[in-house]
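Shown next: final.cif, given as mmCIF, C-alpha atoms.
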data_my_file
loop_
_atom_site.label_atom_id
_atom_site.label_comp_id
_atom_site.auth_asym_id
_atom_site.auth_seq_id
_atom_site.Cartn_x
_atom_site.Cartn_y
_atom_site.Cartn_z
CA MET A 3 21.36 -25.41 7.06
CA LYS A 4 23.10 -24.99 3.71
CA TYR A 5 19.79 -25.37 1.86
CA ILE A 6 18.03 -22.84 4.11
CA ILE A 7 20.72 -20.26 3.35
CA MET A 8 20.34 -20.94 -0.38
CA ILE A 9 16.57 -20.42 -0.15
CA VAL A 10 17.02 -17.11 1.66
CA LEU A 11 19.53 -15.89 -0.94
CA MET A 12 17.23 -16.87 -3.80
CA ALA A 13 14.28 -15.09 -2.16
CA GLY A 14 16.38 -11.98 -1.76
CA ALA A 15 17.42 -12.08 -5.39
CA ILE A 16 13.82 -12.39 -6.54
CA ASN A 17 12.80 -9.43 -4.39
CA THR A 18 15.64 -7.36 -5.86
CA ILE A 19 14.71 -8.13 -9.47
CA GLN A 20 11.10 -7.08 -8.85
CA ALA A 21 11.88 -4.10 -6.60
CA GLN A 22 10.22 -1.63 -8.96
CA GLU A 23 6.88 -3.35 -8.22
CA LEU A 24 6.97 -2.37 -4.54
CA PHE A 25 4.71 0.64 -5.03
CA VAL A 26 4.54 3.15 -2.18
CA PHE A 27 0.86 4.17 -2.20
CA THR A 28 -0.69 1.01 -3.68
CA GLU A 29 -0.12 -2.74 -3.69
CA PRO A 30 1.01 -4.71 -6.77
CA ALA A 31 -0.56 -7.96 -7.97
CA SER A 32 2.62 -9.79 -6.92
CA ASN A 33 2.94 -11.03 -3.35
CA MET A 34 5.75 -10.99 -0.84
CA SER A 35 8.04 -14.02 -0.71
CA ALA A 36 6.44 -17.29 0.44
CA LYS A 37 6.85 -18.19 4.13
CA SER A 38 8.09 -14.69 4.96
CA ILE A 39 7.09 -12.11 7.58
CA GLY A 40 7.35 -8.35 7.12
CA VAL A 41 7.09 -5.48 9.60
CA ARG A 42 6.26 -1.92 8.52
CA ILE A 43 6.19 1.38 10.35
CA THR A 44 4.57 4.23 8.40
CA ASN A 45 4.17 7.90 9.31
CA GLU A 46 1.80 10.15 7.36
CA GLY A 47 1.53 13.91 7.71
CA MET A 48 -1.59 15.69 6.47
CA VAL A 49 -2.67 19.31 6.05
CA ASN A 50 -6.44 19.27 6.59
CA PRO A 51 -6.39 22.31 7.08
CA GLU A 52 -3.78 22.22 9.88
CA PHE A 53 -0.92 19.74 10.18
CA LYS A 54 -1.81 16.35 11.66
CA SER A 55 0.04 13.05 11.60
CA ARG A 56 -0.76 9.35 11.71
CA SER A 57 1.43 6.35 12.52
CA ILE A 58 0.62 2.88 11.20
CA ALA A 59 2.16 -0.31 12.58
CA GLU A 60 1.80 -3.27 10.25
CA VAL A 61 2.69 -6.96 10.25
CA MET A 62 2.58 -8.89 6.94
CA PHE A 63 2.52 -12.64 6.35
CA GLY A 64 3.40 -14.30 3.04
CA PHE A 65 1.90 -17.77 3.47
CA ASN A 66 2.66 -18.94 -0.08
CA LYS A 67 3.32 -17.42 -3.50
CA ASN A 68 -0.39 -16.69 -3.99
CA PHE A 69 -1.74 -15.54 -0.60
CA MET A 70 -0.64 -12.87 1.86
CA LEU A 71 -2.24 -11.14 4.85
CA HIS A 72 -1.63 -7.77 6.56
CA ALA A 73 -2.68 -6.67 10.07
CA GLN A 74 -2.54 -2.93 10.83
CA GLY A 75 -3.00 -0.67 13.84
CA PHE A 76 -3.59 3.10 13.52
CA THR A 77 -2.72 5.95 15.90
CA SER A 78 -2.92 9.69 15.21
CA ASP A 79 -3.49 13.17 16.62
CA MET A 80 -6.18 13.90 14.03
CA ASP A 81 -8.68 14.64 16.82
CA GLY A 82 -6.45 16.60 19.19
CA ARG A 83 -4.21 14.14 21.01
CA TYR A 84 -2.36 11.04 19.89
CA ARG A 85 -4.52 7.97 20.46
CA LEU A 86 -5.29 4.53 19.07
CA GLU A 87 -7.87 4.92 16.27
CA GLY A 88 -8.50 1.36 15.16
CA GLY A 89 -7.19 -1.45 13.01
CA SER A 90 -7.46 -3.26 9.70
CA ILE A 91 -7.03 -6.71 8.14
CA TYR A 92 -6.01 -6.87 4.47
CA GLY A 93 -5.74 -10.00 2.33
CA LYS A 94 -4.56 -10.51 -1.26
CA TYR A 95 -4.79 -13.58 -3.49
CA ARG A 96 -2.85 -13.81 -6.76
CA PHE A 97 -4.98 -15.84 -9.17
CA TYR A 98 -3.12 -15.36 -12.47
CA SER A 99 0.53 -15.25 -13.49
CA ALA A 100 2.28 -15.34 -16.87
CA ASP A 101 6.03 -15.27 -16.24
CA ASP A 102 8.88 -14.80 -18.69
CA ILE A 103 12.56 -13.80 -18.45
CA GLN A 104 12.71 -10.27 -16.95
CA SER A 105 8.98 -9.81 -17.45
CA HIS A 106 5.65 -11.04 -16.14
CA PHE A 107 1.96 -10.20 -15.98
CA ARG A 108 0.00 -10.91 -12.80
CA MET A 109 -3.51 -10.37 -11.47
CA ALA A 110 -4.78 -10.51 -7.90
CA ALA A 111 -7.96 -9.99 -5.89
CA PHE A 112 -7.88 -8.26 -2.52
CA GLY A 113 -10.10 -7.23 0.35
CA ARG A 114 -9.87 -5.20 3.54
CA ILE A 115 -12.05 -4.76 6.64
CA SER A 116 -11.35 -1.88 9.01
CA THR A 117 -12.60 -0.30 12.20
CA SER A 118 -12.08 3.26 13.39
CA LYS A 119 -13.45 5.38 16.25
CA ARG A 120 -12.81 8.68 14.46
CA PRO A 121 -15.69 11.14 13.91
CA VAL A 122 -16.99 11.20 10.33
CA TYR A 123 -17.26 14.49 8.43
CA THR A 124 -16.61 13.76 4.73
CA GLU A 125 -17.98 11.51 2.00
CA ASP A 126 -14.43 10.34 1.28
CA ILE A 127 -13.58 6.85 2.57
CA ASN A 128 -10.13 6.02 3.94
CA LEU A 129 -9.94 2.56 5.51
CA GLU A 130 -6.43 3.10 6.89
CA GLY A 131 -7.41 5.01 10.01
CA ASP A 132 -10.41 7.23 9.23
CA ASN A 133 -13.40 4.99 8.49
CA SER A 134 -14.93 1.71 9.52
CA GLY A 135 -15.88 -0.36 6.50
CA PHE A 136 -14.63 -2.81 3.89
CA ASN A 137 -13.35 -2.85 0.34
CA THR A 138 -12.60 -5.35 -2.38
CA GLY A 139 -11.00 -5.09 -5.79
CA ILE A 140 -8.74 -6.32 -8.57
CA ILE A 141 -5.10 -5.46 -9.38
CA ALA A 142 -3.18 -6.13 -12.61
CA THR A 143 0.60 -5.62 -12.79
CA GLN A 144 2.94 -5.80 -15.79
CA LEU A 145 6.71 -6.00 -15.30
CA LEU A 146 8.89 -5.15 -18.34
CA HIS A 147 12.56 -5.42 -17.35
CA LYS A 148 13.15 -2.30 -15.18
CA LEU A 149 9.65 -0.81 -15.59
CA ALA A 150 6.55 -1.93 -13.69
CA ILE A 151 3.02 -0.70 -14.45
CA SER A 152 0.01 -1.52 -12.31
CA ALA A 153 -3.70 -0.68 -12.30
CA SER A 154 -6.47 -1.37 -9.80
CA VAL A 155 -10.21 -0.90 -9.32
CA THR A 156 -11.71 -0.93 -5.80
CA TYR A 157 -15.20 -0.93 -4.33
CA ASN A 158 -15.29 0.81 -0.92
CA LYS A 159 -18.20 0.61 1.53
CA ALA A 160 -18.33 2.52 4.82
CA PHE A 161 -20.15 1.19 7.88
CA GLN A 162 -22.63 3.84 8.95
CA LYS A 163 -22.36 4.66 12.64
CA ASP A 164 -24.62 7.57 13.55
CA SER A 165 -22.90 8.07 16.90
CA ARG A 166 -19.72 9.17 15.08
CA GLN A 167 -21.35 11.27 12.38
CA VAL A 168 -20.62 15.01 12.70
CA LEU A 169 -23.94 16.86 12.58
CA GLY A 170 -24.52 18.52 9.21
CA ALA A 171 -21.44 16.97 7.58
CA PRO A 172 -21.54 14.64 4.55
CA GLN A 173 -21.88 10.96 5.38
CA PRO A 174 -19.65 8.38 3.65
CA ASP A 175 -21.40 5.48 1.95
CA GLN A 176 -19.75 4.08 -1.19
CA LEU A 177 -16.77 4.98 -3.37
CA ILE A 178 -15.31 3.44 -6.50
CA GLY A 179 -11.53 3.79 -6.32
CA TYR A 180 -8.98 3.42 -9.11
CA SER A 181 -5.24 3.73 -9.49
CA LEU A 182 -2.53 3.68 -12.13
CA SER A 183 1.02 3.19 -10.85
CA SER A 184 4.44 3.08 -12.44
CA GLY A 185 7.82 2.20 -10.98
CA TYR A 186 11.29 2.25 -12.48
CA LEU A 187 14.50 0.65 -11.18
CA LEU A 188 17.27 3.24 -11.51
CA LEU A 189 20.00 1.41 -9.57
CA PRO A 190 21.79 -0.92 -9.83
CA VAL A 191 22.42 -0.46 -13.55
CA VAL A 192 23.80 -4.01 -13.69
CA TYR A 193 22.58 -6.57 -11.16
CA LYS A 194 25.38 -8.65 -9.58
CA ASP A 195 24.11 -9.91 -6.22
CA TYR A 196 21.30 -9.37 -3.74
CA ASN A 197 23.47 -7.20 -1.45
CA GLN A 198 23.38 -4.31 -3.93
CA PRO A 199 21.15 -1.41 -2.83
CA ASN A 200 18.18 -0.72 -5.10
CA PHE A 201 16.95 2.79 -5.89
CA ASN A 202 13.47 3.06 -7.39
CA VAL A 203 11.32 5.99 -8.49
CA TYR A 204 7.51 5.92 -8.64
CA LEU A 205 4.65 7.96 -10.00
CA GLU A 206 1.12 6.97 -9.06
CA ALA A 207 -2.31 8.39 -9.92
CA LEU A 208 -5.02 7.71 -7.31
CA GLY A 209 -8.67 8.55 -7.73
CA ALA A 210 -12.21 7.82 -6.59
CA THR A 211 -15.81 8.54 -7.57
CA ASN A 212 -18.93 8.63 -5.42
CA PRO A 213 -21.52 6.70 -7.51
CA ALA A 214 -24.40 8.40 -5.70
CA ASN A 215 -23.62 11.93 -6.91
CA GLY A 216 -20.74 11.60 -9.41
CA ARG A 217 -18.30 13.69 -7.37
CA SER A 218 -14.70 12.60 -7.89
CA TYR A 219 -11.08 13.39 -7.18
CA VAL A 220 -7.71 12.51 -8.72
CA ASP A 221 -4.40 12.67 -6.83
CA LEU A 222 -0.82 12.41 -8.03
CA ALA A 223 1.79 10.72 -5.82
CA PRO A 224 5.53 10.75 -6.70
CA ALA A 225 7.85 8.71 -4.47
CA VAL A 226 11.38 7.37 -4.10
CA GLN A 227 12.51 4.10 -2.51
CA VAL A 228 15.71 2.47 -1.30
CA ILE A 229 16.00 -1.29 -0.70
CA ILE A 230 19.00 -2.58 1.24
CA ASN A 231 20.09 -6.24 1.14
CA SER A 232 16.63 -7.13 -0.25
CA ARG A 233 15.33 -7.04 3.32
CA THR A 234 15.08 -3.41 4.41
CA ARG A 235 12.89 -0.96 2.50
CA ILE A 236 12.68 2.82 2.94
CA ASP A 237 9.92 4.85 1.22
CA LEU A 238 9.42 8.61 0.90
CA GLY A 239 6.46 10.02 -1.01
CA TYR A 240 4.02 12.89 -1.30
CA ARG A 241 0.39 12.78 -2.40
CA PHE A 242 -1.48 15.86 -3.64
CA GLN A 243 -4.77 16.56 -5.37
CA LEU A 244 -4.81 17.37 -9.08
CA ALA A 245 -8.58 17.84 -9.36
CA GLY A 246 -11.58 17.06 -7.23
CA ALA A 247 -15.03 17.92 -5.94
CA ILE A 248 -15.07 15.97 -2.65
CA ASP A 249 -14.59 18.35 0.28
CA ASN A 250 -12.62 17.88 3.53
CA ARG A 251 -10.71 14.86 2.27
CA TYR A 252 -8.36 13.16 4.73
CA ASN A 253 -5.50 12.51 2.30
CA LYS A 254 -5.76 15.58 0.05
CA ASN A 255 -2.19 16.68 0.81
CA MET A 256 -0.04 14.08 2.56
CA TYR A 257 3.58 13.05 2.92
CA LEU A 258 4.46 9.43 3.63
CA ALA A 259 7.61 8.03 5.27
CA ARG A 260 7.99 4.28 5.80
CA VAL A 261 10.51 1.68 6.86
CA GLU A 262 9.95 -2.04 6.31
CA PHE A 263 11.89 -5.11 7.45
CA ASN A 264 11.45 -8.57 5.87
CA PHE A 265 12.32 -11.94 7.38
CA PHE A 266 12.53 -14.76 4.82
CA ASN A 267 11.69 -18.39 5.57
CA ALA A 268 10.20 -17.25 8.90
CA ILE A 269 7.00 -19.34 8.59
CA LYS A 270 7.59 -23.07 8.85
#
Now that the file is in, can you turn its structure into structure tokens?
Amino acid sequence: MKYIIMIVLMAGAINTIQAQELFVFTEPASNMSAKSIGVRITNEGMVNPEFKSRSIAEVMFGFNKNFMLHAQGFTSDMDGRYRLEGGSIYGKYRFYSADDIQSHFRMAAFGRISTSKRPVYTEDINLEGDNSGFNTGIIATQLLHKLAISASVTYNKAFQKDSRQVLGAPQPDQLIGYSLSSGYLLLPVVYKDYNQPNFNVYLEALGATNPANGRSYVDLAPAVQVIINSRTRIDLGYRFQLAGAIDNRYNKNMYLARVEFNFFNAIK
């Protein structure tokens, strides 16, 4: 029992040190703690053009230091009344790590497959509730003491289902996505133990290009985050478009509120 407690404390400390990597709108190359389980509840509010909201329930499994898996379910009132839209499976494998004291560089490959019963009316692709399809990509993350910087490139492919296509509306096919994220640990100024609350600030740039016609968009997404006892995480963020030529986008203007709970050493 004594050794189990020590493992949990060490895992919490590691999570605290790397808190500024827990980006709000993207994933880092680092994984969650090995043999851990996480539960997330996310609410998103969108103006498109009237206010709509989506809730995402998510369970995450950290099988080892290199591989993790997410399972998500989506519900929203995007089409009039709140209903179950679909689900998603996301996996990430960390294949490179160069670690040093208070710094590291990591790279990971990821993939997602999603299903959704929503009608389709834009060439944008959002695999967290709006489209059926898959994606795959690469993430690279650099941690430098209290600053974390991360970049990703993603290939997105929508499954074409004519029965859900809105007549006369653009049809999604492929998108190349990219992101550049930064996170900074503001508090604690001096780390003493894993019980100290962490306060992080983030700024992320999110974009995509349709390779068929060259139309693109770029969003900016500032966010704040509190982590309590290295187990409970609270995120608040807002995403808005800086420039773009893709019409009727799902996530053009969107707030995000999330709470996450982590259970260390939960997988035997």
The residue from A:Ala59, A:Ala223, A:Ala171, A:Leu149 with the smallest atom-to-atom distance to Ser105 (chain A), counting only C-alpha atoms, is A:Leu149
As a check of understanding: the span from CA of Asp175 (chain A) to CA of Val61 (chain A) is 28.4 Å
| said: Evaluated on this file, the PyMOL selection byres ((chain A and resi 155) around 6) picks out some residues - which ones are they, written as a ChimeraX atom specification? | reply: /A:139-140,154,156,179-180
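Distance annotation: of A:Gly40, A:Gly88, A:Pro51, A:Pro199, the residue with the minimal separation from Phe263 (chain A) is A:Gly40; atom set is all atoms listed in the file.
Run against this file, the PyMOL selection byres ((chain A and resi 65) around 8) gives back Ala36, Lys37, Ser38, Phe63, Gly64, Asn66, Lys67, Asn68, Phe69, Met70, Leu71 and Ile269 of chain A.
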If we count all atoms listed in the file, what is near Tyr240 (chain A) at a cut-off of 12 Å, once residues fewer than 2 positions away on the same chain are taken out, given as a ChimeraX atom specification? /A:26-27,45-49,204-207,221-226,237-238,242-243,253-260
- Task: Place a sphere of radius 9 Å on (-19.4, 4.1, -10.3) in the file coordinates and name every protein, DNA or RNA residue with an atom inside or on its surface, counting all atoms listed in the file; give the answer as a PyMOL selection string.
- Result: chain A and resi 157+177-179+210-214+216
Might you spell out which residues the PyMOL selection byres ((chain A and resi 163) around 10) would select in the displayed file, as a ChimeraX atom specification?
/A:119,121-122,133-134,160-162,164-167,173
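Atom pair CA of Phe25 (chain A) / CA of Asp249 (chain A) has a distance of 26.7 Å (rounded to one decimal).
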note - CA of Phe136 (chain A) and CA of Asp81 (chain A) are separated by 22.5 Å
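Nearest to His106 (chain A) of all the residues A:Asp195, A:Glu262, A:Glu130, A:Glu23 is A:Glu23, based on only C-alpha atoms.
Each of A:Thr124, A:Thr234, A:Thr117, A:Asn267 was compared to Val41 (chain A) using only C-alpha atoms, and A:Thr234 turns out to be the nearest.
If only C-alpha atoms are the atoms counted, then among A:Phe76, A:Tyr95, A:Tyr123, A:Tyr193 the closest residue to Pro174 (chain A) is A:Tyr123.
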task: Just give me the residues with any atom within 8 Å of (11.0, -1.9, -16.3), file coordinates, counting all atoms listed in the file, written as a ChimeraX atom specification.
output: /A:22,145-150,185-187
Using only C-alpha atoms, the shortest atom-to-atom distance to Gln144 (chain A) among A:Met80, A:Ile39, A:Ala31, A:Ile230 belongs to A:Ala31
message = Would you pick out the contacts of Phe112 (chain A) at 6 Å or less, using all atoms listed in the file, so that residues sharing its chain but fewer than 2 positions from it are not included, and give the list as a list in words?
response = Gly93, Lys94, Thr138 and Gly139 of chain A
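Around Arg85 (chain A), within 12 Å and counting only C-alpha atoms, the residues found are Ser55, Arg56, Ser57, Ile58, Gly75, Phe76, Thr77, Ser78, Asp79, Met80, Asp81, Gly82, Gly88, Ser118, Lys119, Arg120 and Gly131 of chain A, once anything fewer than 3 positions away on its own chain is removed.
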Export region 94-115 of chain A from the structure block above, keeping N, CA and C atoms, as a CSV table (one decimal), in the first residue's frame.
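Below you can see out34.csv, which holds the result:
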chain,number,residue,atom,x,y,z
A,94,LYS,N,-3.6,8.1,-29.5
A,94,LYS,CA,-2.3,8.8,-29.7
A,94,LYS,C,-1.2,8.0,-29.2
A,95,TYR,N,-0.1,8.0,-30.0
A,95,TYR,CA,1.1,7.2,-29.7
A,95,TYR,C,2.3,8.1,-29.7
A,96,ARG,N,3.0,8.2,-28.6
A,96,ARG,CA,4.2,9.0,-28.5
A,96,ARG,C,5.4,8.2,-29.0
A,97,PHE,N,6.0,8.6,-30.1
A,97,PHE,CA,7.1,7.8,-30.6
A,97,PHE,C,8.5,8.4,-30.4
A,98,TYR,N,8.6,9.6,-29.9
A,98,TYR,CA,9.9,10.2,-29.7
A,98,TYR,C,9.9,11.1,-28.4
A,99,SER,N,10.9,11.0,-27.6
A,99,SER,CA,11.0,11.8,-26.4
A,99,SER,C,12.5,12.1,-26.1
A,100,ALA,N,12.8,13.4,-25.9
A,100,ALA,CA,14.2,13.8,-25.5
A,100,ALA,C,14.0,14.6,-24.2
A,101,ASP,N,14.2,14.0,-23.0
A,101,ASP,CA,13.9,14.6,-21.8
A,101,ASP,C,15.1,15.2,-21.1
A,102,ASP,N,15.0,16.3,-20.4
A,102,ASP,CA,16.0,17.0,-19.7
A,102,ASP,C,15.4,17.6,-18.4
A,103,ILE,N,16.2,18.2,-17.5
A,103,ILE,CA,15.6,18.8,-16.3
A,103,ILE,C,14.8,20.0,-16.7
A,104,GLN,N,13.5,20.0,-16.3
A,104,GLN,CA,12.6,21.1,-16.6
A,104,GLN,C,12.4,21.4,-18.1
A,105,SER,N,12.7,20.5,-18.9
A,105,SER,CA,12.5,20.7,-20.4
A,105,SER,C,12.4,19.3,-21.0
A,106,HIS,N,11.7,19.3,-22.2
A,106,HIS,CA,11.7,18.1,-23.0
A,106,HIS,C,11.1,18.4,-24.4
A,107,PHE,N,11.4,17.5,-25.3
A,107,PHE,CA,10.8,17.6,-26.7
A,107,PHE,C,10.2,16.3,-27.0
A,108,ARG,N,9.0,16.3,-27.4
A,108,ARG,CA,8.3,15.0,-27.7
A,108,ARG,C,7.5,15.1,-29.0
A,109,MET,N,7.3,13.9,-29.6
A,109,MET,CA,6.5,13.9,-30.9
A,109,MET,C,5.6,12.7,-30.8
A,110,ALA,N,4.4,12.8,-31.4
A,110,ALA,CA,3.4,11.8,-31.3
A,110,ALA,C,2.6,11.7,-32.6
A,111,ALA,N,2.1,10.6,-32.9
A,111,ALA,CA,1.1,10.4,-34.0
A,111,ALA,C,-0.2,10.1,-33.4
A,112,PHE,N,-1.3,10.5,-34.1
A,112,PHE,CA,-2.6,10.3,-33.6
A,112,PHE,C,-3.6,10.0,-34.7
A,113,GLY,N,-4.7,9.5,-34.3
A,113,GLY,CA,-5.8,9.3,-35.3
A,113,GLY,C,-7.2,9.3,-34.6
A,114,ARG,N,-8.2,9.6,-35.4
A,114,ARG,CA,-9.5,9.6,-34.8
A,114,ARG,C,-10.5,9.1,-35.9
A,115,ILE,N,-11.5,8.4,-35.5
A,115,ILE,CA,-12.6,8.0,-36.3
A,115,ILE,C,-13.9,8.3,-35.6
